[in-house]
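Colleague: Structure file coords.cif (mmCIF, C-alpha atoms) is given on the next line.
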data_final
#
loop_
_atom_site.group_PDB
_atom_site.id
_atom_site.type_symbol
_atom_site.label_atom_id
_atom_site.label_comp_id
_atom_site.auth_asym_id
_atom_site.auth_seq_id
_atom_site.Cartn_x
_atom_site.Cartn_y
_atom_site.Cartn_z
ATOM 1 C CA MET A 1 83.815 106.626 90.714
ATOM 2 C CA SER A 2 84.298 106.385 86.944
ATOM 3 C CA GLY A 3 84.390 103.071 85.130
ATOM 4 C CA LEU A 4 88.152 103.312 84.587
ATOM 5 C CA ASN A 5 88.828 104.006 88.252
ATOM 6 C CA ALA A 6 86.596 101.092 89.210
ATOM 7 C CA VAL A 7 88.580 98.763 86.939
ATOM 8 C CA LYS A 8 91.888 100.006 88.356
ATOM 9 C CA GLY A 9 90.624 99.633 91.901
ATOM 10 C CA ALA A 10 89.382 96.113 91.204
ATOM 11 C CA TYR A 11 92.552 94.697 89.656
ATOM 12 C CA SER A 12 94.700 96.472 92.256
ATOM 13 C CA THR A 13 92.678 94.815 95.026
ATOM 14 C CA VAL A 14 93.002 91.420 93.331
ATOM 15 C CA LEU A 15 96.788 91.839 93.048
ATOM 16 C CA LEU A 16 97.029 92.852 96.711
ATOM 17 C CA ILE A 17 94.976 89.868 97.897
ATOM 18 C CA PHE A 18 96.979 87.507 95.696
ATOM 19 C CA SER A 19 100.274 88.915 96.983
ATOM 20 C CA ILE A 20 99.172 88.601 100.621
ATOM 21 C CA VAL A 21 98.001 85.012 100.078
ATOM 22 C CA ILE A 22 101.239 83.833 98.491
ATOM 23 C CA VAL A 23 103.354 85.590 101.142
ATOM 24 C CA ILE A 24 101.349 83.881 103.895
ATOM 25 C CA GLY A 25 101.751 80.618 101.991
ATOM 26 C CA LEU A 26 105.508 81.103 101.926
ATOM 27 C CA ILE A 27 105.537 81.787 105.655
ATOM 28 C CA PHE A 28 103.642 78.647 106.603
ATOM 29 C CA ASN A 29 105.741 76.583 104.177
ATOM 30 C CA GLU A 30 108.792 77.898 106.067
ATOM 31 C CA GLN A 31 110.229 79.467 102.920
ATOM 32 C CA THR A 32 111.125 82.826 104.446
ATOM 33 C CA LYS A 33 114.075 83.497 106.730
ATOM 34 C CA VAL A 34 112.184 84.135 109.975
ATOM 35 C CA SER A 35 109.650 81.339 109.433
ATOM 36 C CA LYS A 36 112.470 78.889 108.742
ATOM 37 C CA ASP A 37 114.838 79.992 111.510
ATOM 38 C CA VAL A 38 112.219 80.749 114.180
ATOM 39 C CA HIS A 39 108.596 79.717 113.535
ATOM 40 C CA PRO A 40 105.887 80.512 110.935
ATOM 41 C CA VAL A 41 103.549 81.966 113.577
ATOM 42 C CA ALA A 42 106.325 84.281 114.773
ATOM 43 C CA ALA A 43 107.016 85.384 111.193
ATOM 44 C CA LEU A 44 103.337 86.137 110.569
ATOM 45 C CA ALA A 45 103.008 88.047 113.857
ATOM 46 C CA ILE A 46 106.132 90.095 113.078
ATOM 47 C CA ILE A 47 105.011 91.007 109.571
ATOM 48 C CA VAL A 48 101.535 92.049 110.766
ATOM 49 C CA ALA A 49 103.019 94.159 113.574
ATOM 50 C CA ALA A 50 105.588 95.691 111.214
ATOM 51 C CA LEU A 51 103.004 96.656 108.599
ATOM 52 C CA THR A 52 100.730 98.087 111.294
ATOM 53 C CA TRP A 53 103.514 100.270 112.649
ATOM 54 C CA LEU A 54 104.560 101.231 109.125
ATOM 55 C CA ASN A 55 101.059 102.587 108.540
ATOM 56 C CA MET A 56 101.398 104.878 111.544
ATOM 57 C CA ILE A 57 104.910 105.978 110.570
ATOM 58 C CA GLU A 58 103.876 106.881 107.019
ATOM 59 C CA GLY A 59 100.528 108.455 107.848
ATOM 60 C CA GLY A 60 101.897 110.283 110.860
ATOM 61 C CA GLN A 61 104.483 111.979 108.693
ATOM 62 C CA GLY A 62 101.831 113.361 106.365
ATOM 63 C CA ALA A 63 99.815 114.712 109.269
ATOM 64 C CA LEU A 64 102.701 116.287 111.182
ATOM 65 C CA VAL A 65 104.202 117.890 108.069
ATOM 66 C CA GLY A 66 100.862 119.182 106.826
ATOM 67 C CA LEU A 67 99.538 120.669 110.075
ATOM 68 C CA PRO A 68 102.015 123.515 110.896
ATOM 69 C CA PRO A 69 99.963 126.148 108.996
ATOM 70 C CA VAL A 70 96.849 125.226 111.020
ATOM 71 C CA ASP A 71 96.283 127.099 114.296
ATOM 72 C CA PRO A 72 96.549 124.433 117.062
ATOM 73 C CA ASP A 73 93.955 126.254 119.144
ATOM 74 C CA LEU A 74 91.351 125.243 116.568
ATOM 75 C CA TYR A 75 91.652 121.555 117.455
ATOM 76 C CA VAL A 76 92.900 121.534 121.046
ATOM 77 C CA ASP A 77 89.449 120.477 122.315
ATOM 78 C CA THR A 78 88.281 118.279 119.429
ATOM 79 C CA HIS A 79 91.599 116.426 118.922
ATOM 80 C CA PRO A 80 93.574 116.643 122.192
ATOM 81 C CA THR A 81 96.079 113.884 121.342
ATOM 82 C CA THR A 82 96.763 115.446 117.942
ATOM 83 C CA HIS A 83 97.389 118.711 119.782
ATOM 84 C CA LYS A 84 99.851 116.928 122.076
ATOM 85 C CA CYS A 85 101.704 115.516 119.052
ATOM 86 C CA THR A 86 101.927 118.822 117.234
ATOM 87 C CA GLN A 87 102.999 120.738 120.348
ATOM 88 C CA LEU A 88 106.038 118.467 120.545
ATOM 89 C CA ALA A 89 106.726 118.010 116.833
ATOM 90 C CA HIS A 90 106.334 121.688 115.938
ATOM 91 C CA LYS A 91 108.409 123.021 118.834
ATOM 92 C CA GLY A 92 111.717 124.521 117.723
ATOM 93 C CA ASP A 93 113.408 122.310 115.124
ATOM 94 C CA ASN A 94 111.735 119.113 116.309
ATOM 95 C CA LEU A 95 109.958 118.531 112.998
ATOM 96 C CA ASP A 96 113.314 118.135 111.251
ATOM 97 C CA ARG A 97 114.447 115.785 114.014
ATOM 98 C CA TYR A 98 111.274 113.734 113.708
ATOM 99 C CA LEU A 99 111.591 113.413 109.937
ATOM 100 C CA MET A 100 115.152 112.167 110.229
ATOM 101 C CA GLY A 101 114.315 109.541 112.832
ATOM 102 C CA ARG A 102 111.155 108.548 110.974
ATOM 103 C CA GLN A 103 113.082 107.746 107.803
ATOM 104 C CA PHE A 104 115.338 105.332 109.659
ATOM 105 C CA MET A 105 112.260 103.724 111.194
ATOM 106 C CA VAL A 106 110.768 103.134 107.732
ATOM 107 C CA LEU A 107 113.932 101.429 106.495
ATOM 108 C CA LEU A 108 114.179 99.316 109.639
ATOM 109 C CA VAL A 109 110.534 98.224 109.557
ATOM 110 C CA VAL A 110 110.695 97.375 105.835
ATOM 111 C CA PHE A 111 113.872 95.380 106.486
ATOM 112 C CA VAL A 112 112.128 93.385 109.227
ATOM 113 C CA THR A 113 109.126 92.886 106.932
ATOM 114 C CA ASN A 114 111.369 91.441 104.230
ATOM 115 C CA LEU A 115 113.036 89.084 106.703
ATOM 116 C CA SER A 116 109.619 87.759 107.662
ATOM 117 C CA GLY A 117 107.969 87.591 104.243
ATOM 118 C CA ALA A 118 110.512 87.653 101.420
ATOM 119 C CA PRO A 119 111.051 84.237 99.774
ATOM 120 C CA LEU A 120 114.204 82.200 100.130
ATOM 121 C CA ALA A 121 116.054 81.079 97.004
ATOM 122 C CA ASP A 122 114.095 78.662 94.766
ATOM 123 C CA ALA A 123 110.941 79.080 96.851
ATOM 124 C CA GLU A 124 107.671 77.651 95.523
ATOM 125 C CA VAL A 125 104.120 77.973 96.774
ATOM 126 C CA PHE A 126 100.745 76.415 95.925
ATOM 127 C CA GLY A 127 102.233 74.679 92.866
ATOM 128 C CA LEU A 128 102.045 77.921 90.859
ATOM 129 C CA PRO A 129 103.509 77.987 87.316
ATOM 130 C CA GLN A 130 107.164 79.003 87.100
ATOM 131 C CA ILE A 131 106.351 82.228 85.285
ATOM 132 C CA ILE A 132 104.106 83.340 88.177
ATOM 133 C CA ILE A 133 106.836 82.364 90.654
ATOM 134 C CA ASP A 134 109.393 84.392 88.691
ATOM 135 C CA ILE A 135 107.158 87.465 88.479
ATOM 136 C CA PHE A 136 105.786 87.595 92.009
ATOM 137 C CA LEU A 137 108.517 85.894 94.032
ATOM 138 C CA GLY A 138 111.698 86.024 91.989
ATOM 139 C CA SER A 139 111.402 89.740 91.246
ATOM 140 C CA GLY A 140 109.928 90.607 94.644
ATOM 141 C CA VAL A 141 106.686 92.019 93.208
ATOM 142 C CA ALA A 142 104.533 90.282 95.839
ATOM 143 C CA MET A 143 106.449 91.871 98.740
ATOM 144 C CA ILE A 144 106.539 95.241 96.973
ATOM 145 C CA LEU A 145 102.769 95.258 96.441
ATOM 146 C CA MET A 146 101.967 94.019 99.930
ATOM 147 C CA THR A 147 104.343 96.416 101.695
ATOM 148 C CA ALA A 148 103.398 99.429 99.584
ATOM 149 C CA MET A 149 99.618 98.950 99.542
ATOM 150 C CA ALA A 150 99.030 97.396 102.963
ATOM 151 C CA GLY A 151 101.699 99.291 104.885
ATOM 152 C CA GLN A 152 102.259 102.663 103.237
ATOM 153 C CA LEU A 153 99.971 103.928 100.488
ATOM 154 C CA ASN A 154 96.658 103.528 102.289
ATOM 155 C CA SER A 155 97.936 105.465 105.305
ATOM 156 C CA GLN A 156 99.513 108.232 103.209
ATOM 157 C CA VAL A 157 96.374 108.755 101.149
ATOM 158 C CA THR A 158 94.158 108.712 104.248
ATOM 159 C CA ALA A 159 96.415 111.043 106.235
ATOM 160 C CA SER A 160 96.636 113.548 103.360
ATOM 161 C CA HIS A 161 92.885 114.167 103.812
ATOM 162 C CA CYS A 162 92.401 113.348 107.539
ATOM 163 C CA MET A 163 95.471 114.837 109.213
ATOM 164 C CA LEU A 164 93.837 115.696 112.537
ATOM 165 C CA ASP A 165 92.115 112.346 112.959
ATOM 166 C CA TYR A 166 95.062 110.202 111.928
ATOM 167 C CA ILE A 167 97.365 111.100 114.801
ATOM 168 C CA ASN A 168 94.700 111.578 117.474
ATOM 169 C CA ASN A 169 95.796 108.449 119.367
ATOM 170 C CA GLY A 170 98.483 107.192 121.737
ATOM 171 C CA PHE A 171 100.110 105.060 119.049
ATOM 172 C CA ALA A 172 100.992 108.229 117.142
ATOM 173 C CA VAL A 173 102.504 109.774 120.272
ATOM 174 C CA PHE A 174 104.612 106.661 120.879
ATOM 175 C CA THR A 175 105.814 106.631 117.255
ATOM 176 C CA LEU A 176 106.744 110.299 117.479
ATOM 177 C CA TYR A 177 108.858 109.744 120.600
ATOM 178 C CA VAL A 178 110.629 106.749 119.029
ATOM 179 C CA ALA A 179 111.523 108.804 115.938
ATOM 180 C CA MET A 180 112.805 111.648 118.111
ATOM 181 C CA GLY A 181 114.857 109.180 120.149
ATOM 182 C CA ILE A 182 116.494 107.757 117.022
ATOM 183 C CA GLU A 183 117.499 111.248 115.918
ATOM 184 C CA PHE A 184 118.839 112.050 119.394
ATOM 185 C CA SER A 185 121.122 109.005 119.217
ATOM 186 C CA GLY A 186 123.169 110.785 116.536
ATOM 187 C CA LEU A 187 123.208 107.801 114.203
ATOM 188 C CA LEU A 188 121.975 109.956 111.312
ATOM 189 C CA HIS A 189 123.540 113.302 112.190
ATOM 190 C CA CYS A 190 125.825 113.394 109.148
ATOM 191 C CA CYS A 191 122.689 114.378 107.208
ATOM 192 C CA TYR A 192 123.017 117.797 108.801
ATOM 193 C CA LEU A 193 126.311 118.200 106.919
ATOM 194 C CA VAL A 194 124.424 117.689 103.667
ATOM 195 C CA GLN A 195 121.885 120.272 104.784
ATOM 196 C CA MET A 196 124.688 122.747 105.487
ATOM 197 C CA PHE A 197 126.305 122.040 102.109
ATOM 198 C CA PHE A 198 123.107 122.709 100.174
ATOM 199 C CA ALA A 199 122.465 125.865 102.193
ATOM 200 C CA MET A 200 125.911 127.183 101.246
ATOM 201 C CA ALA A 201 125.479 126.119 97.609
ATOM 202 C CA SER A 202 122.142 127.931 97.364
ATOM 203 C CA GLY A 203 123.432 131.013 99.155
ATOM 204 C CA LYS A 204 120.630 130.847 101.708
ATOM 205 C CA PRO A 205 121.440 130.744 105.420
ATOM 206 C CA LEU A 206 120.036 127.932 107.535
ATOM 207 C CA GLU A 207 117.150 129.189 109.628
ATOM 208 C CA SER A 208 116.523 127.716 113.056
ATOM 209 C CA ASN A 209 113.572 128.109 115.395
ATOM 210 C CA GLU A 210 115.824 127.619 118.411
ATOM 211 C CA PRO A 211 118.393 129.847 120.153
ATOM 212 C CA PRO A 212 122.086 129.333 119.289
ATOM 213 C CA ARG A 213 123.730 126.308 120.912
ATOM 214 C CA ASP A 214 126.168 126.877 123.780
ATOM 215 C CA ALA A 215 129.644 125.320 123.882
ATOM 216 C CA ALA A 216 128.524 122.048 125.485
ATOM 217 C CA GLN A 217 125.627 121.669 123.083
ATOM 218 C CA ASN A 218 127.942 122.330 120.126
ATOM 219 C CA LEU A 219 130.385 119.695 121.357
ATOM 220 C CA PHE A 220 127.594 117.125 121.686
ATOM 221 C CA TYR A 221 126.144 118.100 118.300
ATOM 222 C CA TRP A 222 129.390 117.955 116.323
ATOM 223 C CA GLY A 223 130.529 114.840 118.160
ATOM 224 C CA ARG A 224 127.426 113.023 116.954
ATOM 225 C CA ILE A 225 128.003 114.321 113.420
ATOM 226 C CA LEU A 226 131.546 112.899 113.398
ATOM 227 C CA VAL A 227 130.399 109.518 114.719
ATOM 228 C CA SER A 228 127.581 109.425 112.175
ATOM 229 C CA LEU A 229 129.968 110.377 109.373
ATOM 230 C CA ALA A 230 132.344 107.563 110.342
ATOM 231 C CA ILE A 231 129.434 105.087 110.284
ATOM 232 C CA LEU A 232 128.336 106.370 106.865
ATOM 233 C CA ILE A 233 131.838 106.078 105.388
ATOM 234 C CA PHE A 234 132.143 102.529 106.690
ATOM 235 C CA ALA A 235 128.706 101.631 105.293
ATOM 236 C CA PHE A 236 129.619 103.084 101.892
ATOM 237 C CA ALA A 237 132.927 101.193 101.870
ATOM 238 C CA VAL A 238 131.214 97.880 102.633
ATOM 239 C CA THR A 239 128.412 98.482 100.104
ATOM 240 C CA LEU A 240 130.694 99.583 97.268
ATOM 241 C CA THR A 241 133.062 96.693 97.900
ATOM 242 C CA ALA A 242 130.148 94.279 97.689
ATOM 243 C CA LEU A 243 128.919 95.937 94.480
ATOM 244 C CA PHE A 244 132.324 95.816 92.794
ATOM 245 C CA GLU A 245 132.774 92.168 93.804
ATOM 246 C CA GLY A 246 129.287 91.153 92.660
ATOM 247 C CA GLN A 247 128.186 90.106 96.152
ATOM 248 C CA THR A 248 124.778 91.822 96.155
ATOM 249 C CA THR A 249 121.278 90.897 95.029
ATOM 250 C CA MET A 250 121.706 92.774 91.728
ATOM 251 C CA TRP A 251 120.194 90.929 88.761
ATOM 252 C CA ASP A 252 122.346 88.306 87.088
ATOM 253 C CA GLY A 253 124.158 89.558 84.003
ATOM 254 C CA VAL A 254 124.496 93.190 85.138
ATOM 255 C CA PRO A 255 128.203 94.188 85.150
ATOM 256 C CA ASN A 256 129.562 95.259 88.524
ATOM 257 C CA GLY A 257 130.431 98.739 87.284
ATOM 258 C CA VAL A 258 126.887 99.248 85.993
ATOM 259 C CA ALA A 259 125.552 98.037 89.341
ATOM 260 C CA VAL A 260 127.506 100.804 91.096
ATOM 261 C CA ILE A 261 126.121 103.429 88.705
ATOM 262 C CA LEU A 262 122.571 102.138 89.180
ATOM 263 C CA PHE A 263 123.066 102.215 92.950
ATOM 264 C CA PHE A 264 123.787 105.955 92.900
ATOM 265 C CA ILE A 265 121.023 106.667 90.356
ATOM 266 C CA PHE A 266 118.403 104.832 92.414
ATOM 267 C CA MET A 267 119.617 106.488 95.616
ATOM 268 C CA SER A 268 119.283 109.921 93.967
ATOM 269 C CA ILE A 269 115.768 109.105 92.759
ATOM 270 C CA VAL A 270 114.719 107.998 96.241
ATOM 271 C CA GLY A 271 116.200 111.153 97.760
ATOM 272 C CA MET A 272 114.347 113.391 95.322
ATOM 273 C CA LEU A 273 111.035 111.594 95.851
ATOM 274 C CA GLU A 274 111.359 111.729 99.639
ATOM 275 C CA GLY A 275 112.087 115.458 99.533
ATOM 276 C CA MET A 276 109.183 116.093 97.168
ATOM 277 C CA GLN A 277 106.812 114.258 99.493
ATOM 278 C CA ILE A 278 107.778 116.447 102.456
ATOM 279 C CA ALA A 279 107.481 119.614 100.360
ATOM 280 C CA PHE A 280 104.058 118.648 98.994
ATOM 281 C CA PHE A 281 102.658 117.838 102.424
ATOM 282 C CA ALA A 282 104.044 121.130 103.743
ATOM 283 C CA VAL A 283 102.313 123.264 101.095
ATOM 284 C CA ALA A 284 99.061 121.284 101.152
ATOM 285 C CA LYS A 285 97.524 123.532 103.819
ATOM 286 C CA LEU A 286 99.061 126.812 102.625
ATOM 287 C CA PRO A 287 96.916 129.420 100.859
ATOM 288 C CA LYS A 288 97.565 129.633 97.128
ATOM 289 C CA ASP A 289 99.290 133.021 97.392
ATOM 290 C CA GLU A 290 101.814 131.641 99.919
ATOM 291 C CA ARG A 291 103.103 128.723 97.823
ATOM 292 C CA GLY A 292 106.107 130.584 96.424
ATOM 293 C CA ASP A 293 106.906 132.975 93.604
ATOM 294 C CA HIS A 294 109.133 130.817 91.416
ATOM 295 C CA PRO A 295 107.382 129.869 88.148
ATOM 296 C CA MET A 296 108.297 126.189 88.462
ATOM 297 C CA ALA A 297 107.033 126.077 92.044
ATOM 298 C CA ARG A 298 103.711 127.572 90.978
ATOM 299 C CA LYS A 299 103.364 125.169 88.029
ATOM 300 C CA THR A 300 104.138 122.227 90.286
ATOM 301 C CA CYS A 301 101.508 123.309 92.809
ATOM 302 C CA GLU A 302 98.919 123.904 90.088
ATOM 303 C CA LEU A 303 99.434 120.362 88.817
ATOM 304 C CA LEU A 304 99.522 118.890 92.312
ATOM 305 C CA PHE A 305 96.317 120.444 93.595
ATOM 306 C CA LYS A 306 94.077 120.186 90.545
ATOM 307 C CA GLY A 307 92.058 117.117 89.616
ATOM 308 C CA HIS A 308 89.429 117.420 92.384
ATOM 309 C CA GLY A 309 91.926 116.518 95.093
ATOM 310 C CA ARG A 310 93.109 113.295 93.441
ATOM 311 C CA ASN A 311 96.545 114.410 92.250
ATOM 312 C CA LEU A 312 98.219 114.624 95.668
ATOM 313 C CA PRO A 313 97.133 111.098 96.703
ATOM 314 C CA GLY A 314 97.990 109.957 93.168
ATOM 315 C CA PHE A 315 101.509 111.314 93.519
ATOM 316 C CA MET A 316 101.855 109.583 96.893
ATOM 317 C CA ILE A 317 100.890 106.269 95.329
ATOM 318 C CA GLY A 318 103.254 106.569 92.374
ATOM 319 C CA ARG A 319 106.055 107.902 94.569
ATOM 320 C CA GLN A 320 105.764 105.050 97.052
ATOM 321 C CA VAL A 321 105.845 102.386 94.341
ATOM 322 C CA CYS A 322 108.958 104.000 92.832
ATOM 323 C CA VAL A 323 110.676 104.213 96.231
ATOM 324 C CA THR A 324 109.832 100.617 97.085
ATOM 325 C CA MET A 325 111.113 99.384 93.724
ATOM 326 C CA CYS A 326 114.317 101.413 93.999
#
I need this file expressed as structure tokens, please.

Modeller:
Amino acid sequence: MSGLNAVKGAYSTVLLIFSIVIVIGLIFNEQTKVSKDVHPVAALAIIVAALTWLNMIEGGQGALVGLPPVDPDLYVDTHPTTHKCTQLAHKGDNLDRYLMGRQFMVLLVVFVTNLSGAPLADAEVFGLPQIIIDIFLGSGVAMILMTAMAGQLNSQVTASHCMLDYINNGFAVFTLYVAMGIEFSGLLHCCYLVQMFFAMASGKPLESNEPPRDAAQNLFYWGRILVSLAILIFAFAVTLTALFEGQTTMWDGVPNGVAVILFFIFMSIVGMLEGMQIAFFAVAKLPKDERGDHPMARKTCELLFKGHGRNLPGFMIGRQVCVTMC
């Protein structure tokens, strides 16, 4: 490790420890929603459980997306539970289903984490100076650092190098089934409309690893899409109304119209970063000559995979911080 990397690792660790300490302080001072409404011990237990599950959700994604190019017979004996996961996740179009359900799980777990650890209005802890309170509590930096570093980044970086080992456990199997169940519910099926739109716009047909659906399956499929679309329209209506009326947590002084524009910009950034993450994990195990012919794709891969293996984990770290902030 170079001197610069050692310095970055040291101050990052100090920031993480400081963020965890002040969040725990908030919890036991009953200055978070769950600790105030329920009990501090319950809030602490929930946030620990949520961050633990978040680690599996984030790391499991990297493993399941990165392993399709690897012959499963190579690890059926050494990593039997990993083999069980991949046999389910890589069957037909199940990987797409898993990714959709997984994304909802991330949002739900982060939401629960914020309920347990995010400060209430005018919260104070340990008699810290107001400027420290404003930076770490008022802006949410403490929760961002704790959630990103303790619940997401470490698992993503580890899983990008240890894909087989990361999901070789029953917890990974359970998480996979939960994600698949969420997708089966149809709550997020309107995303398939977006997929169809982009396929038509690009002129490339959608390819499926499953036989065509029969009439009953089509009815169930499109019924869930319509229900999901209705839910999405309602959610957009509520969110945009709140933005235009200034009833959100947007910073004071930002005009309502600007808040709406920022909402769509941040949502687009998050969408791009999430898609890039999936694409990068998918090509991580591909031979160099199979990573595409487009010049931009080749340049992206050259940048991603140089740097003695540090650039992919580095992208994951920067991406996660951006997503969490957005």

Colleague: Residue by residue, what does the PyMOL selection byres ((chain A and resi 190-206) around 7) grab here? Present the result as an MDAnalysis selection string.

Modeller: chainID A and resid 188:189 207:208 225 228:229

Colleague: Val260 (chain A): which residues within 8 Å, counting all atoms listed in the file, same-chain residues fewer than 6 positions away excluded, as an MDAnalysis selection string?

Modeller: chainID A and resid 240 243:244

Colleague: Which residues match the PyMOL selection byres ((chain A and resi 274) around 12) in the file above, as a ChimeraX atom specification?

Modeller: /A:58,61-62,99-100,102-103,106,267-273,275-281,315-316,319-320,322-324

Colleague: Just the number, please: distance in Å from CA of Pro80 (chain A) to CA of Gly60 (chain A), one decimal.

Modeller: 15.4 Å

Colleague: Compute the distance from (104.5, 115.4, 118.7) to each atom, counting all atoms listed in the file, keep the residues with any atom at most 10 Å away, and return them as a compact mmCIF listing (two decimals) with C-alpha atoms, keeping the file's coordinate frame; use the coordinates of the file.

Modeller:
# COMPACT_ATOMS: atom_id res chain seq x y z
CA GLY A 60 101.90 110.28 110.86
CA LEU A 64 102.70 116.29 111.18
CA THR A 81 96.08 113.88 121.34
CA THR A 82 96.76 115.45 117.94
CA HIS A 83 97.39 118.71 119.78
CA LYS A 84 99.85 116.93 122.08
CA CYS A 85 101.70 115.52 119.05
CA THR A 86 101.93 118.82 117.23
CA GLN A 87 103.00 120.74 120.35
CA LEU A 88 106.04 118.47 120.54
CA ALA A 89 106.73 118.01 116.83
CA HIS A 90 106.33 121.69 115.94
CA LYS A 91 108.41 123.02 118.83
CA ASN A 94 111.74 119.11 116.31
CA LEU A 95 109.96 118.53 113.00
CA TYR A 98 111.27 113.73 113.71
CA ILE A 167 97.36 111.10 114.80
CA ALA A 172 100.99 108.23 117.14
CA VAL A 173 102.50 109.77 120.27
CA PHE A 174 104.61 106.66 120.88
CA THR A 175 105.81 106.63 117.26
CA LEU A 176 106.74 110.30 117.48
CA TYR A 177 108.86 109.74 120.60
CA MET A 180 112.80 111.65 118.11

Colleague: Region 67-178 of chain A near region 26-49 of chain A within 12 Å: what's each residue's closest atom pair and its distance in Å to one decimal, counting only C-alpha atoms, ordered by chain then ascending residue number, as CSV?

Modeller:
residue,atom,partner,partner_atom,distance
A:Val109,CA,A:Ile47,CA,9.1
A:Val110,CA,A:Ile47,CA,9.3
A:Phe111,CA,A:Ile47,CA,10.4
A:Val112,CA,A:Ile47,CA,7.5
A:Thr113,CA,A:Ile47,CA,5.2
A:Asn114,CA,A:Ile47,CA,8.3
A:Leu115,CA,A:Lys33,CA,5.7
A:Ser116,CA,A:Ala43,CA,5.0
A:Gly117,CA,A:Thr32,CA,5.7
A:Ala118,CA,A:Thr32,CA,5.7
A:Pro119,CA,A:Thr32,CA,4.9
A:Leu120,CA,A:Thr32,CA,5.3
A:Ala121,CA,A:Gln31,CA,8.5
A:Asp122,CA,A:Gln31,CA,9.1
A:Ala123,CA,A:Gln31,CA,6.1
A:Glu124,CA,A:Leu26,CA,7.6
A:Val125,CA,A:Leu26,CA,6.2
A:Phe126,CA,A:Leu26,CA,9.0
A:Gly127,CA,A:Leu26,CA,11.6
A:Ile133,CA,A:Leu26,CA,11.4
A:Phe136,CA,A:Leu26,CA,11.9
A:Leu137,CA,A:Leu26,CA,9.7
A:Ala142,CA,A:Leu26,CA,11.1
A:Met143,CA,A:Ile47,CA,11.0
A:Met146,CA,A:Ile47,CA,10.5
A:Thr147,CA,A:Ile47,CA,9.6
A:Ala150,CA,A:Val48,CA,9.8
A:Gly151,CA,A:Val48,CA,9.3

Colleague: Rank nothing, just name the residue among A:Ala242, A:Val178, A:Val258, A:Leu164 nearest to Val65 (chain A), using all atoms listed in the file.

Modeller: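 Of the candidates, the smallest distance to Val65 (chain A) is held by A:Leu164.
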
Colleague: Between A:Met56, A:Ile22, A:Asp165, A:Tyr11, which has the minimum distance to His79 (chain A) (counting only C-alpha atoms)?

Modeller: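 The shortest atom-to-atom distance to His79 (chain A) comes from A:Asp165.
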
Colleague: Quote the spacing between CA of His161 (chain A) and CA of Leu67 (chain A) in Å to one decimal place.

Modeller: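 It comes out at 11.2 Å.
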
Colleague: Could you work out how far CA of Ala297 (chain A) lies from CA of Arg310 (chain A), giving the answer in Å with one decimal?

Modeller: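 Between CA of Arg310 (chain A) and CA of Ala297 (chain A) the gap works out to 19.0 Å.
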
Colleague: Looking at only C-alpha atoms, which of A:Gly253, A:Gly3, A:Gly59, A:Gly92 is the one that sits closest to Asn209 (chain A)?

Modeller: A:Gly92

Colleague: With distances taken over only C-alpha atoms, which residue among A:Thr52, A:Leu226, A:Pro72, A:Gly9 lies nearest Gln152 (chain A)?

Modeller: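 The closest residue to Gln152 (chain A) is A:Thr52.
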
Colleague: To verify the selection step, state as a PDB file with C-alpha atoms, in the coordinates of the input which residues the PyMOL selection byres ((chain A and resi 17-19) around 9) yields on this input.

Modeller:
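Written output follows (part08.pdb):
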ATOM      1  CA  SER A  12      94.700  96.472  92.256  1.00  0.00           C
ATOM      2  CA  THR A  13      92.678  94.815  95.026  1.00  0.00           C
ATOM      3  CA  VAL A  14      93.002  91.420  93.331  1.00  0.00           C
ATOM      4  CA  LEU A  15      96.788  91.839  93.048  1.00  0.00           C
ATOM      5  CA  LEU A  16      97.029  92.852  96.711  1.00  0.00           C
ATOM      6  CA  ILE A  20      99.172  88.601 100.621  1.00  0.00           C
ATOM      7  CA  VAL A  21      98.001  85.012 100.078  1.00  0.00           C
ATOM      8  CA  ILE A  22     101.239  83.833  98.491  1.00  0.00           C
ATOM      9  CA  VAL A  23     103.354  85.590 101.142  1.00  0.00           C
ATOM     10  CA  ILE A  24     101.349  83.881 103.895  1.00  0.00           C
ATOM     11  CA  PHE A 136     105.786  87.595  92.009  1.00  0.00           C
ATOM     12  CA  VAL A 141     106.686  92.019  93.208  1.00  0.00           C
ATOM     13  CA  ALA A 142     104.533  90.282  95.839  1.00  0.00           C
ATOM     14  CA  MET A 143     106.449  91.871  98.740  1.00  0.00           C
ATOM     15  CA  ILE A 144     106.539  95.241  96.973  1.00  0.00           C
ATOM     16  CA  LEU A 145     102.769  95.258  96.441  1.00  0.00           C
ATOM     17  CA  MET A 146     101.967  94.019  99.930  1.00  0.00           C
TER      18      MET A 146
END
